[in-house]
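Student: Quick one: the structure is below, and I'll ask about it shortly.
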Amino acid sequence: MEKLIIKGGIPLNGEIKISGAKNAALPILAASLLSKSPIQIGNIPHLQDVTTIVSLLGQMGVRITLDERSGIEVDSSHLESFQAPYELVRTMRASILVLGPLLSRFGKAEVSLPGGCAIGTRPVDQHLKGLQAMGAEIQIENGYIRAKAKKLYGATIVMDLVTVTGTENIMMAGTIAKGQTIIHNAAREPEVEDLANFLNILGAKIKGAGTATITIDGIDELGGGTYSVLPDRIETGTYLAAAIITRGKIKLKNSRPDLLESVLLKLEETGAIIDTGLDWIALDMQHQRPRAVNISTAPYPAFPTDMQAQMMAVNAVAYGTGIITETVFENRFMHVQELQRMGATISLKGNTAISTGCDQLHGAPVMATDLRASASLVLAGLAAKGETIINRIYHIDRGYECIEEKLAQLGAQIQRIP
Ligand code: UD1
């Protein structure tokens, strides 16, 4: 199994380009199931999760052509299978995103239940409740969600809680349902809006994406089109946190500062000097040690849970005490024990982590447990004295494109070994 070896203590310095957003690319690829016509999608990141959804679509009979320059061309005119098997869903829970499109266009879908994962139980009841309100018959059998409907009908759906992929599943299903669908308490994440923009290019009639109420007027069928995925705000935030923890100075190009307001404000509280343009963000730590920050995660536009682990690493070496409260997932503190092995002082009480910053973390062998937890260990390794060896890095490859190349470009000493 591959490992990353990091020799820490070098302030990051330089410029890199941010990749397309994983959490927009996945629903957009799933949404291409809704149309018979060819679709071109650009700015798709090279990630393991993208490979997984491409395999899933390929197994169903979708024809996918990869072109280094123009991106991915998807042709879903003929499908042979309507199933997302356990083997793929197990490795990527976002596979649930094919449920709404399959059911809406083909009237049937069979998707393995995702089950729990390292960060919590993660049920999909809101996805199912919404689709049932639109007329789907759903049964859970042998670990599979089996759904069918002659036709889906528009409905008014009030989500019991804010769910990103839940909102996306219902929104996709609504595009070619009969009549109007209204989603109240919808997720407002930029990736939900990006998916709506993509579907609207194909002819969908979606209004209000990016707000808590989304209205979808169903049409008979979607056409083809060309779209480019928005930049990854979590990748952006991770590199900014890496510059903070190493007291460095970096510039991120192909980024969208308008999508990161809550994150940038919090990063400024650490003492970072941040400058932004339309599509770039520069951060300078002026060689200073960061100050600890208090964070409470919540759905967009509040501070994202996907940046929580990285900020825990920053707090571990900061001046003062920082309190981090995780409100989105019940068990998202797996990185704490590994950070403690590198010398961090963190105490856990329920969904709150209290860190007292130390002068210096020390390199150690550590284990990545999930995607963002592994990012926090990379950050800690970049700041630590000596060598950090990160095991199980397949988690990182799910969500960070060429992480060691990009960090090396910023001057880090990082190496992947078999
Ligand atoms: C998405 C993101 C993930 C991010 C998360 C929260 C993608 C592919 N993944 O995941 O990176 O961490 O949003 O911002 O976009 N819940 C239920 N019932 C449901 C659905 C969700 O109880 O039917 C709960 C979950 O267990 C969790 C909370 O709602 O506690 C939010 O989860 P959700 O927004 O659905 O996360 P994902 O869409 O899976």
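Naming scheme: A, B, ... for chains in displayed order of the structure tokens; residues 1 onward per chain; ligands 1 onward as shown.
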What lies within 7 Å of Glu2 (chain A) using only C-alpha atoms, ignoring chain neighbours under 6 positions off, as number ranges by chain?

Tutor: A: 392-393, 416-418

Student: Write out as a list of chain:residue names which residues come within 10 Å of Asp67 (chain A) when counting only C-alpha atoms, dropping same-chain ones fewer than 5 positions away.

Tutor: A:Gln40, A:Gly42, A:Ile72, A:Glu73

Student: Take the residues that were just selected and, keeping all heavy atoms, output them as a PDB file, in the first residue's frame.

Tutor:
```
ATOM      1  N   GLN A  40     -20.494  17.355 -22.927  1.00  0.00           N
ATOM      2  CA  GLN A  40     -19.054  17.525 -22.670  1.00  0.00           C
ATOM      3  C   GLN A  40     -18.876  18.239 -21.337  1.00  0.00           C
ATOM      4  O   GLN A  40     -19.517  19.261 -21.088  1.00  0.00           O
ATOM      5  CB  GLN A  40     -18.376  18.393 -23.743  1.00  0.00           C
ATOM      6  CG  GLN A  40     -18.254  17.734 -25.111  1.00  0.00           C
ATOM      7  CD  GLN A  40     -19.534  17.863 -25.919  1.00  0.00           C
ATOM      8  OE1 GLN A  40     -20.249  18.832 -25.767  1.00  0.00           O
ATOM      9  NE2 GLN A  40     -19.817  16.857 -26.736  1.00  0.00           N
ATOM     10  N   GLY A  42     -15.968  19.829 -18.735  1.00  0.00           N
ATOM     11  CA  GLY A  42     -14.565  20.224 -18.551  1.00  0.00           C
ATOM     12  C   GLY A  42     -14.246  20.490 -17.087  1.00  0.00           C
ATOM     13  O   GLY A  42     -15.133  20.498 -16.226  1.00  0.00           O
ATOM     14  N   ILE A  72     -14.357  15.370 -20.425  1.00  0.00           N
ATOM     15  CA  ILE A  72     -15.041  14.087 -20.570  1.00  0.00           C
ATOM     16  C   ILE A  72     -16.266  14.267 -21.455  1.00  0.00           C
ATOM     17  O   ILE A  72     -17.013  15.230 -21.296  1.00  0.00           O
ATOM     18  CB  ILE A  72     -15.486  13.581 -19.174  1.00  0.00           C
ATOM     19  CG1 ILE A  72     -14.274  13.156 -18.344  1.00  0.00           C
ATOM     20  CG2 ILE A  72     -16.482  12.459 -19.269  1.00  0.00           C
ATOM     21  CD1 ILE A  72     -14.620  12.465 -17.041  1.00  0.00           C
ATOM     22  N   GLU A  73     -16.449  13.332 -22.407  1.00  0.00           N
ATOM     23  CA  GLU A  73     -17.714  13.345 -23.155  1.00  0.00           C
ATOM     24  C   GLU A  73     -18.541  12.143 -22.698  1.00  0.00           C
ATOM     25  O   GLU A  73     -18.032  11.027 -22.621  1.00  0.00           O
ATOM     26  CB  GLU A  73     -17.452  13.285 -24.656  1.00  0.00           C
ATOM     27  CG  GLU A  73     -18.770  13.260 -25.394  1.00  0.00           C
ATOM     28  CD  GLU A  73     -18.694  13.638 -26.870  1.00  0.00           C
ATOM     29  OE1 GLU A  73     -17.940  14.550 -27.223  1.00  0.00           O
ATOM     30  OE2 GLU A  73     -19.424  12.995 -27.640  1.00  0.00           O
TER      31      GLU A  73
END
```

Student: When DSSP is applied to the backbone of this structure, which of region 81-165 of chain A are assigned alpha helix (DSSP H)? Write them out as a VMD selection string.

Tutor: chain A and resid 86 to 91 99 to 106 125 to 133 164 to 165

Student: Of the candidates A:Ala24, A:Ile64, A:Ala373, A:Val124, which shows the shortest atom-to-atom distance to ligand 1, using only C-alpha atoms and all ligand atoms?

Tutor: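 Looking only at the distances to ligand 1, the closest residue turns out to be A:Val124.
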
Student: Quick one: of A:Asp306, A:Glu137, A:Glu110, A:Asp275, who's nearest to ligand 1, counting only C-alpha atoms and all ligand atoms?

Tutor: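 Ranked by minimum distance to ligand 1, first place goes to A:Asp306.
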
Student: Skip Ala375 (chain A) itself and residues of its chain fewer than 4 positions away, then list as a short mmCIF file (atom, residue, chain, number, x, y, z; two decimals) with C-alpha atoms, in the first residue's frame all residues within 9 Å of it, counting only C-alpha atoms.

Tutor:
```
data_model
loop_
_atom_site.label_atom_id
_atom_site.label_comp_id
_atom_site.auth_asym_id
_atom_site.auth_seq_id
_atom_site.Cartn_x
_atom_site.Cartn_y
_atom_site.Cartn_z
CA THR A 238 -6.70 22.98 2.48
CA ALA A 309 -9.85 18.43 10.32
CA GLN A 310 -7.41 20.76 8.56
CA ALA A 368 -5.25 8.21 7.33
CA ASP A 370 -10.91 9.32 5.86
CA LEU A 371 -10.44 11.92 3.17
CA LEU A 379 -0.71 19.50 7.11
CA ALA A 380 0.60 18.36 10.48
CA ILE A 396 -6.28 11.33 0.00
CA TYR A 400 -6.95 15.71 -3.83
#
```

Student: Identify which of the residues A:Arg146, A:Arg63, A:Arg372, A:His46 lies closest to ligand 1, counting only C-alpha atoms and all ligand atoms when measuring atom-to-atom distances.

Tutor: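 Of A:Arg146, A:Arg63, A:Arg372, A:His46, the one nearest ligand 1 is A:Arg372, counting only C-alpha atoms and all ligand atoms.
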
Student: Using only C-alpha atoms, which of the listed residues (A:Gln288, A:Thr369, A:Asn23, A:Gln180) sits closest to Tyr394 (chain A)?

Tutor: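 The closest residue to Tyr394 (chain A) is A:Thr369.
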
Student: Grab me every residue within 9 Å of ligand 1, counting only C-alpha atoms and all ligand atoms, and send it over as number ranges by chain.

Tutor: A: 22-27, 92-97, 116, 119-129, 159-168, 187, 189, 191-192, 234, 298-300, 304-307, 327-330, 371-372

Student: May I have the residues from that selection written out with N, CA and C atoms, as a short mmCIF file (atom, residue, chain, number, x, y, z; two decimals), in the first residue's frame?

Tutor:
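Done, and the output landed in selection31.cif:
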```cif
data_model
loop_
_atom_site.label_atom_id
_atom_site.label_comp_id
_atom_site.auth_asym_id
_atom_site.auth_seq_id
_atom_site.Cartn_x
_atom_site.Cartn_y
_atom_site.Cartn_z
N LYS A 22 -14.51 18.23 -6.65
CA LYS A 22 -14.99 16.84 -6.57
C LYS A 22 -16.49 16.80 -6.36
N ASN A 23 -16.97 17.59 -5.39
CA ASN A 23 -18.38 17.48 -5.00
C ASN A 23 -19.34 18.13 -6.01
N ALA A 24 -18.78 18.77 -7.05
CA ALA A 24 -19.63 19.21 -8.16
C ALA A 24 -19.50 18.22 -9.31
N ALA A 25 -18.27 17.73 -9.54
CA ALA A 25 -18.05 16.80 -10.66
C ALA A 25 -18.88 15.52 -10.50
N LEU A 26 -18.97 15.01 -9.25
CA LEU A 26 -19.68 13.74 -9.05
C LEU A 26 -21.18 13.85 -9.39
N PRO A 27 -21.92 14.85 -8.81
CA PRO A 27 -23.33 14.94 -9.20
C PRO A 27 -23.53 15.31 -10.66
N MET A 92 -17.51 4.48 -2.42
CA MET A 92 -17.87 5.89 -2.57
C MET A 92 -19.37 6.08 -2.37
N ARG A 93 -19.71 6.69 -1.22
CA ARG A 93 -21.12 6.84 -0.86
C ARG A 93 -21.88 7.73 -1.84
N ALA A 94 -21.15 8.64 -2.52
CA ALA A 94 -21.81 9.56 -3.46
C ALA A 94 -22.43 8.80 -4.64
N SER A 95 -22.17 7.48 -4.75
CA SER A 95 -22.82 6.68 -5.80
C SER A 95 -24.34 6.75 -5.68
N ILE A 96 -24.85 7.09 -4.51
CA ILE A 96 -26.30 7.25 -4.30
C ILE A 96 -26.88 8.29 -5.27
N LEU A 97 -26.00 9.15 -5.82
CA LEU A 97 -26.45 10.21 -6.74
C LEU A 97 -27.03 9.68 -8.04
N GLY A 116 -22.90 2.77 6.96
CA GLY A 116 -22.15 3.78 7.73
C GLY A 116 -20.76 3.99 7.12
N ILE A 119 -16.98 8.42 9.37
CA ILE A 119 -17.35 9.68 10.04
C ILE A 119 -18.78 9.67 10.59
N GLY A 120 -19.48 8.55 10.48
CA GLY A 120 -20.81 8.51 11.09
C GLY A 120 -21.74 7.54 10.37
N THR A 121 -23.01 7.52 10.81
CA THR A 121 -23.95 6.55 10.25
C THR A 121 -24.43 6.93 8.85
N ARG A 122 -24.59 8.19 8.59
CA ARG A 122 -24.94 8.74 7.27
C ARG A 122 -26.11 8.04 6.57
N PRO A 123 -27.32 8.17 7.12
CA PRO A 123 -28.48 7.56 6.45
C PRO A 123 -28.87 8.30 5.17
N VAL A 124 -29.76 7.68 4.36
CA VAL A 124 -30.22 8.34 3.13
C VAL A 124 -31.75 8.49 3.13
N ASP A 125 -32.33 8.51 4.35
CA ASP A 125 -33.79 8.56 4.46
C ASP A 125 -34.41 9.78 3.75
N GLN A 126 -33.70 10.91 3.75
CA GLN A 126 -34.26 12.12 3.12
C GLN A 126 -34.32 11.99 1.60
N HIS A 127 -33.35 11.30 1.02
CA HIS A 127 -33.37 11.04 -0.42
C HIS A 127 -34.63 10.22 -0.75
N LEU A 128 -34.83 9.16 0.07
CA LEU A 128 -35.93 8.23 -0.23
C LEU A 128 -37.28 8.88 0.02
N LYS A 129 -37.37 9.65 1.09
CA LYS A 129 -38.63 10.33 1.42
C LYS A 129 -39.04 11.27 0.28
N MET A 159 -37.28 19.21 3.44
CA MET A 159 -36.23 18.35 3.99
C MET A 159 -36.21 18.50 5.50
N ASP A 160 -36.13 17.38 6.23
CA ASP A 160 -36.08 17.45 7.70
C ASP A 160 -34.76 18.04 8.17
N LEU A 161 -33.73 17.86 7.35
CA LEU A 161 -32.42 18.45 7.67
C LEU A 161 -31.75 18.80 6.35
N VAL A 162 -30.70 19.60 6.46
CA VAL A 162 -30.02 20.05 5.24
C VAL A 162 -29.09 18.94 4.75
N THR A 163 -29.37 18.41 3.57
CA THR A 163 -28.50 17.38 3.01
C THR A 163 -28.10 17.75 1.59
N VAL A 164 -26.81 17.67 1.32
CA VAL A 164 -26.28 18.11 0.03
C VAL A 164 -26.69 17.13 -1.07
N THR A 165 -26.26 15.87 -0.94
CA THR A 165 -26.60 14.92 -2.01
C THR A 165 -28.10 14.61 -2.02
N GLY A 166 -28.77 14.73 -0.87
CA GLY A 166 -30.23 14.55 -0.83
C GLY A 166 -30.91 15.61 -1.70
N THR A 167 -30.51 16.87 -1.51
CA THR A 167 -31.07 17.96 -2.32
C THR A 167 -30.79 17.69 -3.80
N GLU A 168 -29.56 17.25 -4.09
CA GLU A 168 -29.17 17.03 -5.50
C GLU A 168 -29.98 15.90 -6.13
N ALA A 187 -30.16 22.31 0.58
CA ALA A 187 -28.75 22.67 0.84
C ALA A 187 -28.38 23.83 -0.10
N GLU A 189 -25.17 24.77 -0.73
CA GLU A 189 -23.76 24.64 -1.12
C GLU A 189 -23.56 25.07 -2.58
N GLU A 191 -21.90 23.75 -4.78
CA GLU A 191 -21.89 22.61 -5.69
C GLU A 191 -23.32 22.24 -6.11
N VAL A 192 -24.31 22.53 -5.24
CA VAL A 192 -25.72 22.32 -5.60
C VAL A 192 -26.08 23.31 -6.72
N ILE A 234 -12.81 23.29 -1.18
CA ILE A 234 -12.19 22.59 -0.05
C ILE A 234 -10.70 22.36 -0.33
N ALA A 298 -21.15 23.90 10.11
CA ALA A 298 -22.58 23.87 9.79
C ALA A 298 -22.71 23.93 8.28
N PRO A 299 -23.92 23.65 7.74
CA PRO A 299 -24.08 23.72 6.29
C PRO A 299 -23.75 25.12 5.74
N TYR A 300 -23.44 25.19 4.44
CA TYR A 300 -23.11 26.44 3.76
C TYR A 300 -24.23 27.47 3.96
N PRO A 304 -17.43 25.01 6.67
CA PRO A 304 -17.68 23.63 6.21
C PRO A 304 -17.05 22.54 7.07
N THR A 305 -17.80 21.48 7.29
CA THR A 305 -17.26 20.32 8.00
C THR A 305 -16.05 19.74 7.26
N ASP A 306 -16.02 19.90 5.93
CA ASP A 306 -14.91 19.35 5.15
C ASP A 306 -13.60 20.11 5.37
N MET A 307 -13.63 21.22 6.14
CA MET A 307 -12.39 21.95 6.49
C MET A 307 -12.05 21.81 7.97
N THR A 327 -20.87 19.94 14.04
CA THR A 327 -22.33 19.75 14.17
C THR A 327 -22.92 18.95 13.01
N VAL A 328 -22.13 18.66 11.96
CA VAL A 328 -22.72 18.01 10.77
C VAL A 328 -22.64 16.48 10.87
N PHE A 329 -21.48 15.96 11.22
CA PHE A 329 -21.31 14.51 11.35
C PHE A 329 -20.98 14.15 12.80
N GLU A 330 -21.50 13.00 13.25
CA GLU A 330 -21.37 12.71 14.70
C GLU A 330 -20.02 12.14 15.10
N LEU A 371 -11.02 10.94 4.10
CA LEU A 371 -10.44 11.92 3.17
C LEU A 371 -9.89 13.17 3.86
N ARG A 372 -10.72 13.87 4.62
CA ARG A 372 -10.26 15.14 5.18
C ARG A 372 -9.33 14.92 6.38
#
```

Student: Name the residues in contact with region 205-221 of chain A at a cut-off of 7 Å, using only C-alpha atoms, excluding same-chain residues fewer than 2 positions from it; report them as an mmCIF file with all heavy atoms, in the first residue's frame.

Tutor:
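The new file out_25.cif reads:
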```cif
data_model
loop_
_atom_site.group_PDB
_atom_site.id
_atom_site.type_symbol
_atom_site.label_atom_id
_atom_site.label_comp_id
_atom_site.auth_asym_id
_atom_site.auth_seq_id
_atom_site.Cartn_x
_atom_site.Cartn_y
_atom_site.Cartn_z
ATOM 1 N N SER A 35 -29.966 12.580 -19.642
ATOM 2 C CA SER A 35 -30.118 13.040 -21.023
ATOM 3 C C SER A 35 -29.690 11.976 -22.022
ATOM 4 O O SER A 35 -28.742 11.236 -21.790
ATOM 5 C CB SER A 35 -29.272 14.302 -21.221
ATOM 6 O OG SER A 35 -29.243 14.643 -22.573
ATOM 7 N N GLY A 174 -36.406 15.871 -10.301
ATOM 8 C CA GLY A 174 -37.460 16.840 -10.644
ATOM 9 C C GLY A 174 -37.336 17.407 -12.047
ATOM 10 O O GLY A 174 -38.331 17.826 -12.639
ATOM 11 N N THR A 175 -36.115 17.391 -12.613
ATOM 12 C CA THR A 175 -35.929 18.071 -13.913
ATOM 13 C C THR A 175 -36.811 17.483 -15.006
ATOM 14 O O THR A 175 -37.290 18.204 -15.862
ATOM 15 C CB THR A 175 -34.457 18.003 -14.411
ATOM 16 O OG1 THR A 175 -34.055 16.652 -14.427
ATOM 17 C CG2 THR A 175 -33.542 18.821 -13.540
ATOM 18 N N ILE A 176 -37.002 16.132 -14.989
ATOM 19 C CA ILE A 176 -37.850 15.551 -16.043
ATOM 20 C C ILE A 176 -39.079 14.856 -15.442
ATOM 21 O O ILE A 176 -39.657 13.950 -16.034
ATOM 22 C CB ILE A 176 -37.056 14.594 -16.978
ATOM 23 C CG1 ILE A 176 -36.290 13.534 -16.182
ATOM 24 C CG2 ILE A 176 -36.100 15.381 -17.862
ATOM 25 C CD1 ILE A 176 -35.688 12.432 -17.058
ATOM 26 N N ALA A 177 -39.457 15.295 -14.221
ATOM 27 C CA ALA A 177 -40.712 14.790 -13.637
ATOM 28 C C ALA A 177 -41.875 15.585 -14.239
ATOM 29 O O ALA A 177 -41.670 16.623 -14.873
ATOM 30 C CB ALA A 177 -40.669 14.977 -12.118
ATOM 31 N N LYS A 178 -43.089 15.088 -14.023
ATOM 32 C CA LYS A 178 -44.258 15.820 -14.549
ATOM 33 C C LYS A 178 -44.683 16.859 -13.521
ATOM 34 O O LYS A 178 -44.977 16.519 -12.384
ATOM 35 C CB LYS A 178 -45.392 14.824 -14.818
ATOM 36 C CG LYS A 178 -46.468 15.395 -15.695
ATOM 37 C CD LYS A 178 -47.330 14.288 -16.274
ATOM 38 C CE LYS A 178 -48.504 14.870 -17.053
ATOM 39 N NZ LYS A 178 -48.109 15.855 -18.072
ATOM 40 N N GLY A 179 -44.667 18.119 -13.919
ATOM 41 C CA GLY A 179 -45.115 19.185 -13.011
ATOM 42 C C GLY A 179 -43.983 19.812 -12.223
ATOM 43 O O GLY A 179 -42.805 19.597 -12.512
ATOM 44 N N GLN A 180 -44.394 20.553 -11.195
ATOM 45 C CA GLN A 180 -43.424 21.376 -10.454
ATOM 46 C C GLN A 180 -42.980 20.712 -9.140
ATOM 47 O O GLN A 180 -43.821 20.221 -8.382
ATOM 48 C CB GLN A 180 -44.058 22.727 -10.147
ATOM 49 C CG GLN A 180 -43.080 23.716 -9.547
ATOM 50 C CD GLN A 180 -43.709 25.082 -9.330
ATOM 51 O OE1 GLN A 180 -44.573 25.245 -8.464
ATOM 52 N NE2 GLN A 180 -43.270 26.056 -10.116
ATOM 53 N N THR A 181 -41.672 20.741 -8.886
ATOM 54 C CA THR A 181 -41.141 20.258 -7.609
ATOM 55 C C THR A 181 -40.573 21.453 -6.851
ATOM 56 O O THR A 181 -39.862 22.276 -7.438
ATOM 57 C CB THR A 181 -40.009 19.228 -7.850
ATOM 58 O OG1 THR A 181 -40.548 18.145 -8.602
ATOM 59 C CG2 THR A 181 -39.441 18.690 -6.544
ATOM 60 N N ILE A 182 -40.920 21.534 -5.571
ATOM 61 C CA ILE A 182 -40.340 22.597 -4.742
ATOM 62 C C ILE A 182 -39.615 21.926 -3.574
ATOM 63 O O ILE A 182 -40.198 21.092 -2.881
ATOM 64 C CB ILE A 182 -41.424 23.562 -4.209
ATOM 65 C CG1 ILE A 182 -42.180 24.186 -5.396
ATOM 66 C CG2 ILE A 182 -40.802 24.673 -3.360
ATOM 67 C CD1 ILE A 182 -43.334 25.088 -4.991
ATOM 68 N N ILE A 183 -38.342 22.275 -3.400
ATOM 69 C CA ILE A 183 -37.580 21.728 -2.262
ATOM 70 C C ILE A 183 -37.372 22.843 -1.248
ATOM 71 O O ILE A 183 -36.716 23.843 -1.549
ATOM 72 C CB ILE A 183 -36.197 21.194 -2.707
ATOM 73 C CG1 ILE A 183 -36.330 20.266 -3.915
ATOM 74 C CG2 ILE A 183 -35.501 20.484 -1.546
ATOM 75 C CD1 ILE A 183 -34.987 19.824 -4.510
ATOM 76 N N HIS A 184 -37.949 22.666 -0.060
ATOM 77 C CA HIS A 184 -37.722 23.611 1.039
ATOM 78 C C HIS A 184 -36.630 23.059 1.946
ATOM 79 O O HIS A 184 -36.471 21.852 2.064
ATOM 80 C CB HIS A 184 -39.000 23.813 1.862
ATOM 81 C CG HIS A 184 -40.070 24.548 1.113
ATOM 82 N ND1 HIS A 184 -39.952 25.864 0.720
ATOM 83 C CD2 HIS A 184 -41.281 24.140 0.675
ATOM 84 C CE1 HIS A 184 -41.053 26.239 0.083
ATOM 85 N NE2 HIS A 184 -41.874 25.203 0.030
ATOM 86 N N ASN A 185 -35.923 23.966 2.622
ATOM 87 C CA ASN A 185 -34.781 23.593 3.460
ATOM 88 C C ASN A 185 -33.709 22.867 2.633
ATOM 89 O O ASN A 185 -33.089 21.902 3.084
ATOM 90 C CB ASN A 185 -35.230 22.726 4.646
ATOM 91 C CG ASN A 185 -34.206 22.699 5.765
ATOM 92 O OD1 ASN A 185 -33.374 23.600 5.872
ATOM 93 N ND2 ASN A 185 -34.241 21.665 6.582
ATOM 94 N N ALA A 186 -33.535 23.354 1.403
ATOM 95 C CA ALA A 186 -32.534 22.763 0.497
ATOM 96 C C ALA A 186 -31.130 23.155 0.951
ATOM 97 O O ALA A 186 -30.940 24.195 1.588
ATOM 98 C CB ALA A 186 -32.769 23.286 -0.915
ATOM 99 N N ALA A 187 -30.155 22.306 0.578
ATOM 100 C CA ALA A 187 -28.746 22.668 0.835
ATOM 101 C C ALA A 187 -28.377 23.825 -0.095
ATOM 102 O O ALA A 187 -28.789 23.852 -1.253
ATOM 103 C CB ALA A 187 -27.853 21.465 0.561
ATOM 104 N N ARG A 188 -27.597 24.776 0.441
ATOM 105 C CA ARG A 188 -27.235 25.976 -0.333
ATOM 106 C C ARG A 188 -25.795 25.916 -0.834
ATOM 107 O O ARG A 188 -25.246 26.912 -1.280
ATOM 108 C CB ARG A 188 -27.447 27.218 0.550
ATOM 109 C CG ARG A 188 -28.918 27.484 0.832
ATOM 110 C CD ARG A 188 -29.094 28.674 1.738
ATOM 111 N NE ARG A 188 -28.796 28.341 3.127
ATOM 112 C CZ ARG A 188 -28.646 29.240 4.098
ATOM 113 N NH1 ARG A 188 -28.728 30.525 3.816
ATOM 114 N NH2 ARG A 188 -28.415 28.864 5.342
ATOM 115 N N GLU A 189 -25.165 24.769 -0.725
ATOM 116 C CA GLU A 189 -23.757 24.642 -1.117
ATOM 117 C C GLU A 189 -23.561 25.067 -2.582
ATOM 118 O O GLU A 189 -24.423 24.798 -3.434
ATOM 119 C CB GLU A 189 -23.314 23.172 -0.957
ATOM 120 C CG GLU A 189 -22.679 22.819 0.372
ATOM 121 C CD GLU A 189 -23.610 22.907 1.586
ATOM 122 O OE1 GLU A 189 -24.820 23.163 1.408
ATOM 123 O OE2 GLU A 189 -23.127 22.730 2.721
ATOM 124 N N PRO A 190 -22.420 25.710 -2.885
ATOM 125 C CA PRO A 190 -22.138 26.131 -4.266
ATOM 126 C C PRO A 190 -22.180 24.971 -5.264
ATOM 127 O O PRO A 190 -22.484 25.169 -6.436
ATOM 128 C CB PRO A 190 -20.711 26.687 -4.186
ATOM 129 C CG PRO A 190 -20.507 27.040 -2.763
ATOM 130 C CD PRO A 190 -21.353 26.117 -1.952
ATOM 131 N N VAL A 192 -24.310 22.533 -5.244
ATOM 132 C CA VAL A 192 -25.719 22.318 -5.604
ATOM 133 C C VAL A 192 -26.082 23.305 -6.723
ATOM 134 O O VAL A 192 -26.731 22.958 -7.712
ATOM 135 C CB VAL A 192 -26.651 22.525 -4.383
ATOM 136 C CG1 VAL A 192 -28.113 22.429 -4.783
ATOM 137 C CG2 VAL A 192 -26.314 21.532 -3.268
ATOM 138 N N GLU A 193 -25.617 24.532 -6.563
ATOM 139 C CA GLU A 193 -25.882 25.564 -7.566
ATOM 140 C C GLU A 193 -25.187 25.219 -8.891
ATOM 141 O O GLU A 193 -25.742 25.415 -9.973
ATOM 142 C CB GLU A 193 -25.374 26.911 -7.032
ATOM 143 C CG GLU A 193 -25.959 28.076 -7.761
ATOM 144 C CD GLU A 193 -25.512 29.412 -7.171
ATOM 145 O OE1 GLU A 193 -25.009 29.444 -6.022
ATOM 146 O OE2 GLU A 193 -25.653 30.419 -7.884
ATOM 147 N N ALA A 196 -27.199 22.727 -10.678
ATOM 148 C CA ALA A 196 -28.388 23.351 -11.275
ATOM 149 C C ALA A 196 -27.999 24.116 -12.543
ATOM 150 O O ALA A 196 -28.691 24.030 -13.563
ATOM 151 C CB ALA A 196 -29.042 24.290 -10.265
ATOM 152 N N ASN A 200 -29.489 23.366 -16.174
ATOM 153 C CA ASN A 200 -30.160 24.429 -16.933
ATOM 154 C C ASN A 200 -29.554 24.590 -18.332
ATOM 155 O O ASN A 200 -30.265 24.894 -19.279
ATOM 156 C CB ASN A 200 -30.136 25.747 -16.160
ATOM 157 C CG ASN A 200 -31.151 25.749 -15.008
ATOM 158 O OD1 ASN A 200 -32.098 24.954 -15.007
ATOM 159 N ND2 ASN A 200 -30.961 26.622 -14.040
ATOM 160 N N GLY A 203 -31.173 22.408 -20.570
ATOM 161 C CA GLY A 203 -32.578 22.749 -20.844
ATOM 162 C C GLY A 203 -33.489 22.684 -19.631
ATOM 163 O O GLY A 203 -34.687 22.994 -19.730
ATOM 164 N N GLY A 223 -31.575 18.064 -23.189
ATOM 165 C CA GLY A 223 -30.728 17.959 -24.377
ATOM 166 C C GLY A 223 -29.267 17.772 -23.999
ATOM 167 O O GLY A 223 -28.949 17.383 -22.876
#
```

Student: If we count only C-alpha atoms, what is near Asp232 (chain A) at a cut-off of 8 Å, once residues fewer than 2 positions away on the same chain are taken out, given as a PyMOL selection string?

Tutor: chain A and resi 18-23+230+234-236+255
